[in-house]
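Notes to accompany the following structure.
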Amino acid sequence: MTKPPKKQTSSTTFWNNEYKKGKHFTLSREPSEDLVKFTRFLMRHEGRKSLNPISSVLDLGCGNGRNLIYLANTFGMRGVGYDISGEAIAQAKKESAGLPITYDIQSVALEVPLPNNSQTLVLDMMVSHFLNADERTHLVAEVMRVLKPGGWLFFKTFLLDGDTHAERLLRDHPADESGSYIHPAIGVQEHVFTENEIHELLSENFFVHTVAKSHRHKAPGNAAKRRSISVYAQKMG
């Protein structure tokens with residue numbers, strides 16, 4: 001007997017529950033290793049030009065604030081964080097006491113309430129895959145608007161190329177949009193990108209300096225871990 005498809009869950013409800021109970025994910029308070037690698041790249045590429053106390057960073061889907069806290073503590077940067085989870089924002093505010101960081105409960109699919117050319121860095125780390133096609137296009141336009149000329153976008157997401165687990169999710173649990181599925185365990189829609197799709201999304205306005213793809217997604221006989229891609233992109237102009 002075929003099981004009925006899992007009902008799609010509100011992303012807000014899902015993430016509020018995760019930050020309260022941590023049922024599906026282990027939510028660390030340490031900075032992302034991929035973000036730390038990105039800052040090392042920036043230091044080699046341009047020194048402290050972007051990583052300094054007069055620079056501001058926007059974290060889209062900031063969660064508990066761990067990456068903004070790292071940038072503030074390590075480089076003195078100012079920060080702005082948005083997340084749809086009120087529970088995550090409450091945790092972030094508590095952990096960021098005394099640091100030059102502000103937070104708001106907001107979907108990244110909406111207008112970004114920041115001035116033009118106001119941000120030196122933007123972080124989109126495992127966030128865009130929760131958006132549909134129109135929302136992803138809109139978010140890139142907003143990132144382009146708020147970034148200063150020469151500013152940086154650190155983009156990390158799921159990668160379809162070579163990921164048999166992602167292929168199976170698309171086949172067995174398809175969503176209405178091509179390249180998207182309804183996650184069978186958590187009930188939310190996710191999009192999985194191809195590398196070409198990412199370049200098409202960014203190439204008009206950004207120069208891509210580095211692309212790093214994970215290679216630990218396969219184990220003998222099965223897919224052990226989802227494949228991801230990290231992109232270091234600089235605003236042109």
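By convention in this document, the chains of the structure tokens carry letters A, B, ... by their order, each chain's residues are numbered from 1, and ligands are numbered from 1 in the order they are shown.
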Per DSSP on the backbone, what are the strand (DSSP E or B) residues of region 26-174 of chain A, as number ranges by chain?
A: 56-60, 78-83, 101-105, 119-125, 147-159, 174
How close does each residue of region 5-90 of chain A get to region 98-104 of chain A, giving the shortest atom pair and distance in Å to one decimal for every residue with an atom at most 8 Å away, counting only C-alpha atoms, sorted by chain and residue number, as CSV?
residue,atom,partner,partner_atom,distance
A:Leu68,CA,A:Ile101,CA,7.4
A:Ile69,CA,A:Leu99,CA,7.6
A:Ala72,CA,A:Leu99,CA,6.7
A:Asn73,CA,A:Leu99,CA,7.9
A:Met77,CA,A:Pro100,CA,7.5
A:Arg78,CA,A:Pro100,CA,5.0
A:Gly79,CA,A:Ile101,CA,4.5
A:Val80,CA,A:Thr102,CA,5.0
A:Gly81,CA,A:Tyr103,CA,4.7
A:Tyr82,CA,A:Asp104,CA,5.1
A:Asp83,CA,A:Asp104,CA,6.8
A:Ile89,CA,A:Tyr103,CA,6.6
Generate the output file for the selected residues, C-alpha atoms, as an mmCIF file, in the first residue's frame.
data_model
loop_
_atom_site.group_PDB
_atom_site.id
_atom_site.type_symbol
_atom_site.label_atom_id
_atom_site.label_comp_id
_atom_site.auth_asym_id
_atom_site.auth_seq_id
_atom_site.Cartn_x
_atom_site.Cartn_y
_atom_site.Cartn_z
ATOM 1 C CA LEU A 68 27.613 37.025 13.034
ATOM 2 C CA ILE A 69 28.953 36.565 16.566
ATOM 3 C CA ALA A 72 31.985 40.547 15.457
ATOM 4 C CA ASN A 73 34.298 38.909 17.984
ATOM 5 C CA MET A 77 32.388 43.769 12.319
ATOM 6 C CA ARG A 78 28.877 45.131 12.653
ATOM 7 C CA GLY A 79 26.072 42.766 11.686
ATOM 8 C CA VAL A 80 22.421 42.423 10.716
ATOM 9 C CA GLY A 81 20.619 39.100 10.951
ATOM 10 C CA TYR A 82 17.229 37.976 9.637
ATOM 11 C CA ASP A 83 15.455 34.702 10.319
ATOM 12 C CA ILE A 89 16.245 35.275 16.969
#
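Shortest atom-to-atom contact with Ile54 (chain A) among A:Phe41, A:Phe207, A:Tyr70, A:Phe75: A:Phe75, counting only C-alpha atoms.
Nearest to Glu204 (chain A) of all the residues A:Thr137, A:Ser50, A:Ser228, A:Thr164 is A:Thr137, based on only C-alpha atoms.
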Restricting the calculation to only C-alpha atoms: of A:Ile105, A:Leu42, A:Ala233, A:Leu170, which residue gets closest to Glu87 (chain A)?
A:Ile105
Determine, counting only C-alpha atoms, which protein, DNA and RNA residues have an atom within 7 Å of an atom of Glu190 (chain A); residues of the same chain fewer than 6 positions away are not included. Present the result as an MDAnalysis selection string.
chainID A and resid 129:130 180:183
Could you pull out the residues in region 2-237 of chain A that DSSP calls alpha helix (DSSP H) from the backbone, as a ChimeraX atom specification?
/A:11-21,33-46,66-75,86-95,133-146,164-172,195-202
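A straight line drawn from CA of Ile84 (chain A) to CA of Phe155 (chain A) is 18.7 Å long.
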Nearest to Ala212 (chain A), restricted to only C-alpha atoms and choosing among A:Thr13, A:Val108, A:Lys37, A:His173, comes out as A:Lys37
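Near Leu114 (chain A), within 9 Å and counting only C-alpha atoms, sit Ser118, Gln119 and Val146 of chain A, not including residues fewer than 4 positions from it in the same chain.
Reported to one decimal place, the separation of CA of Thr12 (chain A) from CA of Gln106 (chain A) is 10.0 Å.
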If we count only C-alpha atoms, what is near Phe193 (chain A) at a cut-off of 9 Å, once residues fewer than 5 positions away on the same chain are taken out, given as number ranges by chain?
A: 129, 157-161, 179-180, 198, 229
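Comparing the minimum interatomic distances between Asn116 (chain A) and each of A:Leu153, A:Leu139, A:Leu147, A:Ala90, counting only C-alpha atoms, we find that A:Leu147 sits nearest.
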Using only C-alpha atoms, which residues sit within 12 Å of Val143 (chain A) once same-chain residues fewer than 2 positions away are excluded, as a PyMOL selection string?
chain A and resi 57-60+108-124+128+136-141+145-149+151-155+201-202+205-206+233-235
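Coordinates place CA of Leu35 (chain A) at a distance of 24.4 Å from CA of Lys20 (chain A).
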Name all residues at most 10 Å from region 174-177 of chain A (count only C-alpha atoms; drop same-chain ones fewer than 5 positions away) and give them as number ranges by chain.
A: 5, 8, 132-133, 168-169, 182-183, 188-191
